[in-house]
Each structure stands twice: as structure tokens, then as C-alpha cells.
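Student: To be precise about what I am sending: the file is called upload_4.txt and holds compact mmCIF, C-alpha atoms and all ligand atoms.
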# COMPACT_ATOMS: atom_id res chain seq x y z
CA MET A 1 -79.93 -2.65 16.36
CA GLY A 2 -76.76 -2.66 14.25
CA THR A 3 -73.53 -0.87 15.09
CA ARG A 4 -73.50 0.15 18.74
CA THR A 5 -70.96 2.94 18.60
CA VAL A 6 -69.67 5.49 16.14
CA ARG A 7 -66.20 6.97 16.30
CA PHE A 8 -66.27 10.74 16.76
CA ARG A 9 -65.41 13.50 19.21
CA CYS A 10 -66.62 17.06 18.97
CA HIS A 11 -63.72 19.52 19.14
CA HIS A 12 -65.99 22.55 19.47
CA THR A 13 -64.96 24.17 16.23
CA ASN A 14 -68.34 25.95 16.10
CA HIS A 15 -68.74 25.19 12.43
CA CYS A 16 -72.21 23.68 12.95
CA CYS A 17 -73.44 26.71 14.91
CA ARG A 18 -71.81 29.23 12.59
CA ASP A 19 -72.21 27.86 9.08
CA VAL A 20 -75.13 25.43 9.11
CA VAL A 21 -78.76 26.51 8.95
CA CYS A 22 -80.76 24.83 11.72
CA LEU A 23 -84.34 23.81 10.92
CA PRO A 24 -86.28 23.32 14.16
CA THR A 25 -89.63 21.55 14.46
CA PRO A 26 -92.59 23.21 16.21
CA TYR A 27 -91.73 21.02 19.26
CA ASP A 28 -88.26 22.54 19.33
CA VAL A 29 -89.69 26.04 18.97
CA LEU A 30 -92.13 25.47 21.83
CA ARG A 31 -89.48 23.98 24.10
CA ILE A 32 -87.08 26.86 23.49
CA ALA A 33 -89.79 29.48 24.03
CA LEU A 34 -91.15 27.85 27.20
CA GLU A 35 -87.82 26.99 28.79
CA THR A 36 -85.79 30.08 27.91
CA GLY A 37 -88.43 32.80 27.47
CA ALA A 38 -87.07 33.62 24.00
CA ASN A 39 -89.59 35.00 21.54
CA PRO A 40 -90.14 32.77 18.45
CA TYR A 41 -90.98 35.85 16.38
CA GLU A 42 -87.45 37.06 17.11
CA PHE A 43 -85.39 33.88 16.91
CA LEU A 44 -87.00 32.39 13.79
CA GLU A 45 -86.83 33.32 10.16
CA PHE A 46 -88.56 31.94 7.09
CA LEU A 47 -86.23 31.23 4.18
CA ARG A 48 -87.04 31.17 0.49
CA PRO A 49 -85.72 28.31 -1.69
CA ASN A 50 -82.89 30.53 -3.01
CA GLU A 51 -81.72 31.20 0.57
CA ILE A 52 -81.07 27.60 1.58
CA THR A 53 -79.47 24.53 0.03
CA GLY A 54 -79.92 20.87 0.82
CA VAL A 55 -83.69 20.84 1.35
CA ALA A 56 -85.48 18.81 -1.33
CA LYS A 57 -88.20 20.57 -3.29
CA ASN A 58 -90.70 17.95 -2.11
CA ASP A 59 -89.76 18.22 1.56
CA PRO A 60 -93.08 18.21 3.46
CA THR A 61 -92.10 21.13 5.69
CA TRP A 62 -92.10 23.80 2.98
CA LEU A 63 -94.73 26.33 3.94
CA ILE A 64 -96.81 28.03 1.29
CA ALA A 65 -97.64 31.65 2.03
CA ASP A 66 -99.03 34.02 -0.56
CA GLY A 67 -98.11 31.49 -3.25
CA GLN A 68 -94.40 31.37 -2.25
CA ARG A 69 -92.42 28.60 -0.55
CA TYR A 70 -90.70 29.14 2.81
CA ILE A 71 -88.99 26.98 5.37
CA MET A 72 -88.82 27.71 9.10
CA ALA A 73 -85.25 28.17 10.39
CA LEU A 74 -83.37 29.51 13.41
CA LYS A 75 -82.30 33.04 12.60
CA ARG A 76 -78.69 33.22 11.56
CA ASP A 77 -76.20 35.94 10.76
CA GLU A 78 -73.88 35.18 7.83
CA ARG A 79 -70.81 36.21 9.84
CA ARG A 80 -71.75 35.48 13.45
CA GLY A 81 -73.77 32.31 12.99
CA CYS A 82 -76.82 31.07 14.88
CA TYR A 83 -79.00 33.48 16.86
CA PHE A 84 -78.29 31.42 20.01
CA LEU A 85 -74.54 31.16 19.67
CA ASN A 86 -72.89 33.05 22.52
CA ARG A 87 -70.32 35.28 20.79
CA ARG A 88 -68.04 35.46 23.83
CA THR A 89 -67.96 31.83 25.02
CA ARG A 90 -68.64 30.40 21.54
CA TYR A 91 -71.05 27.90 23.11
CA CYS A 92 -74.78 27.48 22.57
CA SER A 93 -76.67 29.76 24.96
CA ILE A 94 -79.67 27.38 25.07
CA TYR A 95 -77.72 24.14 25.08
CA GLU A 96 -80.12 22.20 27.35
CA HIS A 97 -83.06 23.14 25.14
CA ARG A 98 -81.47 23.16 21.69
CA PRO A 99 -83.32 21.63 18.71
CA ASN A 100 -83.14 17.90 18.09
CA LEU A 101 -81.28 18.53 14.86
CA CYS A 102 -78.46 20.19 16.83
CA ARG A 103 -78.38 17.19 19.17
CA LEU A 104 -78.10 14.75 16.29
CA TYR A 105 -75.48 16.65 14.34
CA PRO A 106 -73.08 15.54 12.85
CA PHE A 107 -74.61 12.06 12.90
CA LYS A 108 -76.79 10.75 10.14
CA VAL A 109 -78.91 7.61 10.08
CA GLN A 110 -77.77 4.78 7.89
CA GLU A 111 -80.37 2.32 6.65
CA THR A 112 -80.25 -1.05 4.94
CA ARG A 113 -81.55 -1.36 1.36
CA ASP A 114 -84.95 -2.40 2.66
CA GLY A 115 -85.17 0.62 4.95
CA ARG A 116 -84.22 -0.96 8.28
CA PHE A 117 -82.14 1.00 10.77
CA LYS A 118 -78.47 0.10 10.46
CA GLY A 119 -76.54 2.64 12.50
CA PHE A 120 -75.18 6.15 12.43
CA VAL A 121 -72.48 7.62 10.25
CA LEU A 122 -71.06 11.11 10.12
CA HIS A 123 -72.49 13.56 7.61
CA ARG A 124 -70.16 13.80 4.63
CA ASP A 125 -71.36 16.99 3.04
CA VAL A 126 -71.49 19.56 5.81
CA GLY A 127 -67.88 20.31 6.67
CA CYS A 128 -67.77 19.15 10.29
CA PRO A 129 -64.18 18.16 11.03
CA ARG A 130 -64.61 14.43 11.48
CA HIS A 131 -62.36 13.79 14.45
CA ARG A 132 -62.26 10.06 15.10
CA ASP A 133 -60.64 10.20 18.52
CA GLY A 134 -63.78 9.42 20.50
CA VAL A 135 -66.52 6.80 20.79
CA VAL A 136 -70.21 7.76 20.84
CA ASP A 137 -72.91 5.36 22.03
CA VAL A 138 -75.58 4.87 19.37
CA LYS A 139 -78.54 4.08 21.69
CA PRO A 140 -79.22 7.67 22.87
CA LEU A 141 -78.82 8.85 19.29
CA TYR A 142 -81.32 6.25 18.14
CA ASP A 143 -83.88 7.34 20.79
CA LEU A 144 -83.40 10.93 19.74
CA TYR A 145 -83.77 10.02 16.08
CA MET A 146 -87.05 8.14 16.76
CA ASN A 147 -88.36 11.06 18.80
CA ASP A 148 -87.42 13.49 16.05
CA ARG A 149 -89.08 11.29 13.43
CA MET A 150 -92.40 11.54 15.29
CA HIS A 151 -91.96 15.29 15.58
CA GLN A 152 -91.21 15.55 11.88
CA GLU A 153 -94.38 13.62 11.02
CA ASP A 154 -96.50 15.94 13.17
CA TYR A 155 -94.69 18.92 11.66
CA ALA A 156 -95.50 17.71 8.14
CA ARG A 157 -99.18 17.31 9.08
CA MET A 158 -99.30 20.84 10.50
CA VAL A 159 -97.69 22.24 7.37
CA ALA A 160 -100.13 20.36 5.11
CA ASP A 161 -102.99 21.82 7.13
CA PHE A 162 -101.51 25.32 6.89
CA ASN A 163 -100.81 25.01 3.16
CA ALA A 164 -104.33 23.87 2.43
CA ARG A 165 -105.56 27.31 3.47
CA ASP A 166 -103.25 29.75 1.65
CA CYS A 167 -104.71 33.16 0.96
CA PRO A 168 -103.46 36.39 -0.69
CA GLY A 169 -101.16 38.46 1.50
CA ARG A 170 -100.49 35.75 4.07
CA ARG A 171 -97.04 35.77 5.69
CA PRO A 172 -95.17 32.55 6.64
CA GLU A 173 -95.01 33.80 10.25
CA SER A 174 -98.74 33.00 10.45
CA PHE A 175 -97.70 29.35 10.75
CA LEU A 176 -96.62 30.08 14.34
CA GLU A 177 -100.19 30.92 15.25
CA LEU A 178 -101.03 27.22 14.92
CA PHE A 179 -99.04 26.32 18.01
CA ILE A 180 -97.41 29.33 19.66
CA GLU A 181 -100.48 30.47 21.62
CA LEU A 182 -99.70 27.58 24.00
CA VAL A 183 -96.68 29.53 25.21
CA TYR A 184 -98.54 32.68 26.09
CA GLU A 185 -101.74 31.21 27.54
S1 LIG B 1 -68.71 21.20 13.49
FE1 LIG B 1 -68.37 19.14 14.38
S2 LIG B 1 -66.51 19.35 15.66
FE2 LIG B 1 -67.29 21.42 15.21
S3 LIG B 1 -68.61 21.93 16.96
FE3 LIG B 1 -69.94 21.07 15.36
S4 LIG B 1 -70.05 18.87 15.85
FE4 LIG B 1 -68.31 19.72 16.99
S1 LIG B 2 -79.34 26.30 18.73
FE1 LIG B 2 -77.39 26.17 19.76
S2 LIG B 2 -76.54 24.20 19.10
FE2 LIG B 2 -78.15 24.74 17.65
S3 LIG B 2 -77.13 25.84 15.98
FE3 LIG B 2 -77.84 27.37 17.44
S4 LIG B 2 -76.09 27.75 18.83
FE4 LIG B 2 -75.73 25.80 17.75
Spit out the file's structure as C-alpha cells when you get a sec.
Tutor:
Amino acid sequence: MGTRTVRFRCHHTNHCCRDVVCLPTPYDVLRIALETGANPYEFLEFLRPNEITGVAKNDPTWLIADGQRYIMALKRDERRGCYFLNRRTRYCSIYEHRPNLCRLYPFKVQETRDGRFKGFVLHRDVGCPRHRDGVVDVKPLYDLYMNDRMHQEDYARMVADFNARDCPGRRPESFLELFIELVYE
């Protein structure tokens, strides 16, 4: 499988929960809603291209609503950070149910030139203090990555389906109707 460990230890600086926009998949949204009772219409927001950096223009999860592009994100306050960050403890209030992206951060998949899995490295461009005083096992990260990849593929299919039916006046929140009824049945 490649490198079996990566050197890192989280020092709970909160940077990732305060300064990084988290993009959940519909699976993450459903899990959070079902397990915590939180309302997706309250904890999500839909960002325009000028409100987020680092998402490629051709990313398959851009929603089209009323002719505009939006991406689904966890709501975030510029000063206080993620909607789910507990201001007092400075820990995630939904830790057991947090999105896969939060579980993977700050690790990033490294591939060989021909696209085979090589290992995990630490993100370079997101400002996480890269403390090297710990050792993280790659296997659970790999399982999580494979699981997230499947979720991302389903997500892209759902978005393509949604985008194929744009109509005047539609809001990006309508995307939730494709899967959120499951929570309230
Ligand atoms: S930014 Fe890095 S060190 Fe800080 S809490 Fe997040 S993962 Fe941990
Ligand atoms: S869901 Fe939790 S772990 Fe993820 S960014 Fe928000 S507070 Fe941090």
C-alpha cells in the first residue's frame, strides 16, 4: 500500500475548524442530521465562487441554481469559525459525526505518476501547524479516503441530476430536497 505511517500530531490549534471552509457530502449531512438532530437548513450554506477559494471551476459538486454556481458548505462565521465549533471548549460539538473531510484533515493523498495510491502527506497550503512529533497509521486514513471517494462520486451524480433541471428562481437549498426527506420520514 505504500508508506504505512505519516508523522504528525494534532495540537488542537483549532485552525482547521476556525479558518477552513468544510465541504460536506450529502452522506455527511444526513449523518449529522440523523445522529445529532441538527437542522441542515440551519447548519449549511451555499457559497458563490467569489466566497471560496481552492475549489476548481470544473469541480463536479458545483450546483447550478437560477443560472448561478454554488457549493454546499458547513456554515461558518468569519471570526468564530465553523457552526459546530464549541466556543467554550474549542472542540467540535459533533466530533463523532463530523464530515469525512474533517476526519481526513490535514492529510492529503499522494499518488504515483500513473495514479496509484502511494501514501498520505500533510496539506501544504492550508496553514495547519505541521507538528511532526507523532505517528499516524495510514490504514484507517486509507479506508476513510476510499469511503469518501465513493461518497464523492455519488455526490457528483446527484449534482449532475440536479443541474440538469435548473429553472428560473430556483435556490441552491432545493438540492437538499433530493435526500433530506429521509431524515424527517
Ligand atoms: S489545524 Fe492542524 S494542529 Fe490545528 S487542530 Fe487542525 S489538524 Fe490539529
Ligand atoms: S464539523 Fe467539527 S471538526 Fe469539522 S470543521 Fe466543524 S467544528 Fe471542525
Student: What is the distance between CA of Ala33 (chain A) and CA of Ala73 (chain A), in Å to one decimal?
Tutor: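 Pair CA of Ala33 (chain A) / CA of Ala73 (chain A) returns 14.4 Å.
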Student: Using all atoms listed in the file, which protein or nucleic acid residues are at most 12 Å from ligand LIG 2 (chain B), as a compact mmCIF listing (two decimals) with C-alpha atoms, in the coordinates of the input?
Tutor:
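As written to disk, part.txt reads:
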# COMPACT_ATOMS: atom_id res chain seq x y z
CA HIS A 12 -65.99 22.55 19.47
CA THR A 13 -64.96 24.17 16.23
CA ASN A 14 -68.34 25.95 16.10
CA HIS A 15 -68.74 25.19 12.43
CA CYS A 16 -72.21 23.68 12.95
CA CYS A 17 -73.44 26.71 14.91
CA ARG A 18 -71.81 29.23 12.59
CA ASP A 19 -72.21 27.86 9.08
CA VAL A 20 -75.13 25.43 9.11
CA VAL A 21 -78.76 26.51 8.95
CA CYS A 22 -80.76 24.83 11.72
CA LEU A 23 -84.34 23.81 10.92
CA PRO A 24 -86.28 23.32 14.16
CA ASP A 28 -88.26 22.54 19.33
CA VAL A 29 -89.69 26.04 18.97
CA ARG A 31 -89.48 23.98 24.10
CA ILE A 32 -87.08 26.86 23.49
CA THR A 36 -85.79 30.08 27.91
CA ALA A 38 -87.07 33.62 24.00
CA PHE A 43 -85.39 33.88 16.91
CA LEU A 44 -87.00 32.39 13.79
CA ALA A 73 -85.25 28.17 10.39
CA LEU A 74 -83.37 29.51 13.41
CA LYS A 75 -82.30 33.04 12.60
CA ARG A 76 -78.69 33.22 11.56
CA ASP A 77 -76.20 35.94 10.76
CA ARG A 80 -71.75 35.48 13.45
CA GLY A 81 -73.77 32.31 12.99
CA CYS A 82 -76.82 31.07 14.88
CA TYR A 83 -79.00 33.48 16.86
CA PHE A 84 -78.29 31.42 20.01
CA LEU A 85 -74.54 31.16 19.67
CA ASN A 86 -72.89 33.05 22.52
CA ARG A 87 -70.32 35.28 20.79
CA THR A 89 -67.96 31.83 25.02
CA ARG A 90 -68.64 30.40 21.54
CA TYR A 91 -71.05 27.90 23.11
CA CYS A 92 -74.78 27.48 22.57
CA SER A 93 -76.67 29.76 24.96
CA ILE A 94 -79.67 27.38 25.07
CA TYR A 95 -77.72 24.14 25.08
CA GLU A 96 -80.12 22.20 27.35
CA HIS A 97 -83.06 23.14 25.14
CA ARG A 98 -81.47 23.16 21.69
CA PRO A 99 -83.32 21.63 18.71
CA ASN A 100 -83.14 17.90 18.09
CA LEU A 101 -81.28 18.53 14.86
CA CYS A 102 -78.46 20.19 16.83
CA ARG A 103 -78.38 17.19 19.17
CA LEU A 104 -78.10 14.75 16.29
CA TYR A 105 -75.48 16.65 14.34
CA PRO A 106 -73.08 15.54 12.85
Student: Which residues, written as a PyMOL selection string, have at least one atom at most 10 Å from Gly67 (chain A), with all atoms listed in the file counted and residues fewer than 2 positions away on the same chain left out?
Tutor: chain A and resi 63-65+69-70+163+166-171
Student: Rounded to one decimal in Å, what is the spacing between CA of Asp148 (chain A) and CA of Trp62 (chain A)?
Tutor: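 So the two atoms, CA of Asp148 (chain A) and CA of Trp62 (chain A), lie 17.3 Å apart.
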Student: Just how far from CA of Arg130 (chain A) is CA of His11 (chain A), in Å to one decimal?
Tutor: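 CA of His11 (chain A) sits 9.2 Å away from CA of Arg130 (chain A).
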Student: Find the residue from A:Arg9, A:Leu176, A:Glu181, A:Thr61 that sits nearest to ligand LIG 1 (chain B); use all atoms listed in the file when measuring.
Tutor: A:Arg9
Student: Could you give me, as a PyMOL selection string, the residues within 12 Å of Arg4 (chain A), counting all atoms listed in the file and dropping anything in the same chain fewer than 5 positions from it?
Tutor: chain A and resi 117-121+135-142
Student: Please produce a file of those selected residues containing C-alpha atoms, as a PDB file, keeping the file's coordinate frame.
Tutor:
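That gives us again-v4.pdb:
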ATOM      1  CA  PHE A 117     -82.140   1.000  10.770  1.00  0.00           C
ATOM      2  CA  LYS A 118     -78.470   0.100  10.460  1.00  0.00           C
ATOM      3  CA  GLY A 119     -76.540   2.640  12.500  1.00  0.00           C
ATOM      4  CA  PHE A 120     -75.180   6.150  12.430  1.00  0.00           C
ATOM      5  CA  VAL A 121     -72.480   7.620  10.250  1.00  0.00           C
ATOM      6  CA  VAL A 135     -66.520   6.800  20.790  1.00  0.00           C
ATOM      7  CA  VAL A 136     -70.210   7.760  20.840  1.00  0.00           C
ATOM      8  CA  ASP A 137     -72.910   5.360  22.030  1.00  0.00           C
ATOM      9  CA  VAL A 138     -75.580   4.870  19.370  1.00  0.00           C
ATOM     10  CA  LYS A 139     -78.540   4.080  21.690  1.00  0.00           C
ATOM     11  CA  PRO A 140     -79.220   7.670  22.870  1.00  0.00           C
ATOM     12  CA  LEU A 141     -78.820   8.850  19.290  1.00  0.00           C
ATOM     13  CA  TYR A 142     -81.320   6.250  18.140  1.00  0.00           C
TER      14      TYR A 142
END
Student: Measuring atom to atom with only C-alpha atoms and all ligand atoms, identify which of A:Tyr41, A:Tyr145, A:Phe107, A:Tyr27 is nearest to ligand LIG 1 (chain B).
Tutor: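 Among A:Tyr41, A:Tyr145, A:Phe107, A:Tyr27, it is A:Phe107 that comes nearest to ligand LIG 1 (chain B).
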Student: From the set A:Pro26, A:Thr3, A:Ser174, A:Asn50, which residue has the shortest atom-to-atom contact distance to Val109 (chain A), counting all atoms listed in the file?
Tutor: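 Ranking A:Pro26, A:Thr3, A:Ser174, A:Asn50 by distance to Val109 (chain A), first place goes to A:Thr3.
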Student: Determine the nearest neighbour of Gln152 (chain A) from the options A:Asp114, A:Asp66, A:Asp133, A:Asp59, counting only C-alpha atoms.
Tutor: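 Nearest to Gln152 (chain A): A:Asp59.
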Student: With all atoms listed in the file as the atoms that count, which of A:His131, A:Phe46, A:Asp161, A:Gly115 lies nearest to ligand LIG 1 (chain B)?
Tutor: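 Result for the nearest residue to ligand LIG 1 (chain B): A:His131.
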Student: Generate a file for region 60-159 of chain A, containing C-alpha atoms, as a short mmCIF file (atom, residue, chain, number, x, y, z; two decimals), in the first residue's frame.
Tutor:
data_model
loop_
_atom_site.label_atom_id
_atom_site.label_comp_id
_atom_site.auth_asym_id
_atom_site.auth_seq_id
_atom_site.Cartn_x
_atom_site.Cartn_y
_atom_site.Cartn_z
CA PRO A 60 -18.38 18.26 -10.16
CA THR A 61 -20.06 19.41 -6.95
CA TRP A 62 -20.84 22.95 -8.09
CA LEU A 63 -24.60 23.32 -8.02
CA ILE A 64 -26.36 25.41 -10.63
CA ALA A 65 -29.37 27.31 -9.33
CA ASP A 66 -31.04 30.09 -11.27
CA GLY A 67 -28.04 30.16 -13.61
CA GLN A 68 -25.51 30.76 -10.77
CA ARG A 69 -22.89 28.42 -9.30
CA TYR A 70 -22.95 27.43 -5.62
CA ILE A 71 -21.15 24.93 -3.45
CA MET A 72 -22.58 23.32 -0.32
CA ALA A 73 -20.58 24.13 2.85
CA LEU A 74 -20.89 23.97 6.62
CA LYS A 75 -21.96 27.38 7.82
CA ARG A 76 -19.08 29.38 9.17
CA ASP A 77 -18.61 32.70 10.91
CA GLU A 78 -15.56 34.69 9.79
CA ARG A 79 -14.49 35.31 13.39
CA ARG A 80 -15.83 32.32 15.31
CA GLY A 81 -15.30 29.58 12.74
CA CYS A 82 -17.40 26.51 12.00
CA TYR A 83 -21.05 26.34 13.04
CA PHE A 84 -20.24 23.21 15.12
CA LEU A 85 -17.19 24.53 16.92
CA ASN A 86 -17.95 24.79 20.63
CA ARG A 87 -16.85 28.32 21.56
CA ARG A 88 -16.17 27.45 25.19
CA THR A 89 -14.30 24.13 24.91
CA ARG A 90 -12.91 24.91 21.43
CA TYR A 91 -13.69 21.33 20.39
CA CYS A 92 -16.04 20.05 17.72
CA SER A 93 -19.53 19.65 19.19
CA ILE A 94 -20.37 16.80 16.75
CA TYR A 95 -16.98 15.11 16.79
CA GLU A 96 -18.29 11.53 16.46
CA HIS A 97 -20.38 12.50 13.44
CA ARG A 98 -18.17 15.11 11.78
CA PRO A 99 -17.74 15.11 7.97
CA ASN A 100 -15.18 12.83 6.37
CA LEU A 101 -13.21 15.84 5.22
CA CYS A 102 -12.70 16.86 8.86
CA ARG A 103 -11.55 13.32 9.66
CA LEU A 104 -9.02 13.34 6.84
CA TYR A 105 -7.62 16.79 7.51
CA PRO A 106 -4.72 17.69 7.40
CA PHE A 107 -3.80 14.60 5.39
CA LYS A 108 -3.81 14.52 1.65
CA VAL A 109 -3.49 11.54 -0.66
CA GLN A 110 -0.29 11.17 -2.60
CA GLU A 111 -0.39 9.21 -5.85
CA THR A 112 2.23 7.81 -8.19
CA ARG A 113 2.53 9.25 -11.71
CA ASP A 114 0.23 6.54 -13.03
CA GLY A 115 -2.43 7.32 -10.43
CA ARG A 116 -1.78 4.52 -7.92
CA PHE A 117 -2.15 5.20 -4.22
CA LYS A 118 1.21 6.00 -2.65
CA GLY A 119 0.52 7.31 0.83
CA PHE A 120 -0.55 10.38 2.74
CA VAL A 121 1.23 13.67 3.14
CA LEU A 122 0.24 16.78 5.03
CA HIS A 123 -1.53 19.56 3.15
CA ARG A 124 0.96 22.30 2.33
CA ASP A 125 -1.37 25.14 1.53
CA VAL A 126 -3.83 25.34 4.39
CA GLY A 127 -1.85 26.63 7.35
CA CYS A 128 -2.17 23.68 9.73
CA PRO A 129 0.87 23.76 12.01
CA ARG A 130 2.64 20.63 10.85
CA HIS A 131 3.81 19.19 14.15
CA ARG A 132 5.92 16.12 13.43
CA ASP A 133 6.01 14.76 16.96
CA GLY A 134 3.55 11.93 16.39
CA VAL A 135 2.99 8.91 14.17
CA VAL A 136 -0.34 8.29 12.41
CA ASP A 137 -1.27 4.91 10.96
CA VAL A 138 -2.17 5.21 7.27
CA LYS A 139 -4.59 2.23 7.05
CA PRO A 140 -7.60 3.91 8.75
CA LEU A 141 -6.93 7.03 6.69
CA TYR A 142 -6.89 4.95 3.53
CA ASP A 143 -10.23 3.28 4.42
CA LEU A 144 -11.71 6.69 5.11
CA TYR A 145 -10.35 8.06 1.86
CA MET A 146 -11.86 5.15 -0.14
CA ASN A 147 -15.19 5.62 1.61
CA ASP A 148 -15.12 9.34 0.91
CA ARG A 149 -14.26 8.71 -2.74
CA MET A 150 -17.43 6.64 -3.16
CA HIS A 151 -19.43 9.36 -1.44
CA GLN A 152 -17.92 12.00 -3.69
CA GLU A 153 -18.87 10.00 -6.79
CA ASP A 154 -22.47 9.68 -5.61
CA TYR A 155 -22.46 13.37 -4.71
CA ALA A 156 -21.28 14.29 -8.22
CA ARG A 157 -24.06 12.17 -9.75
CA MET A 158 -26.68 13.85 -7.57
CA VAL A 159 -25.38 17.29 -8.52
#
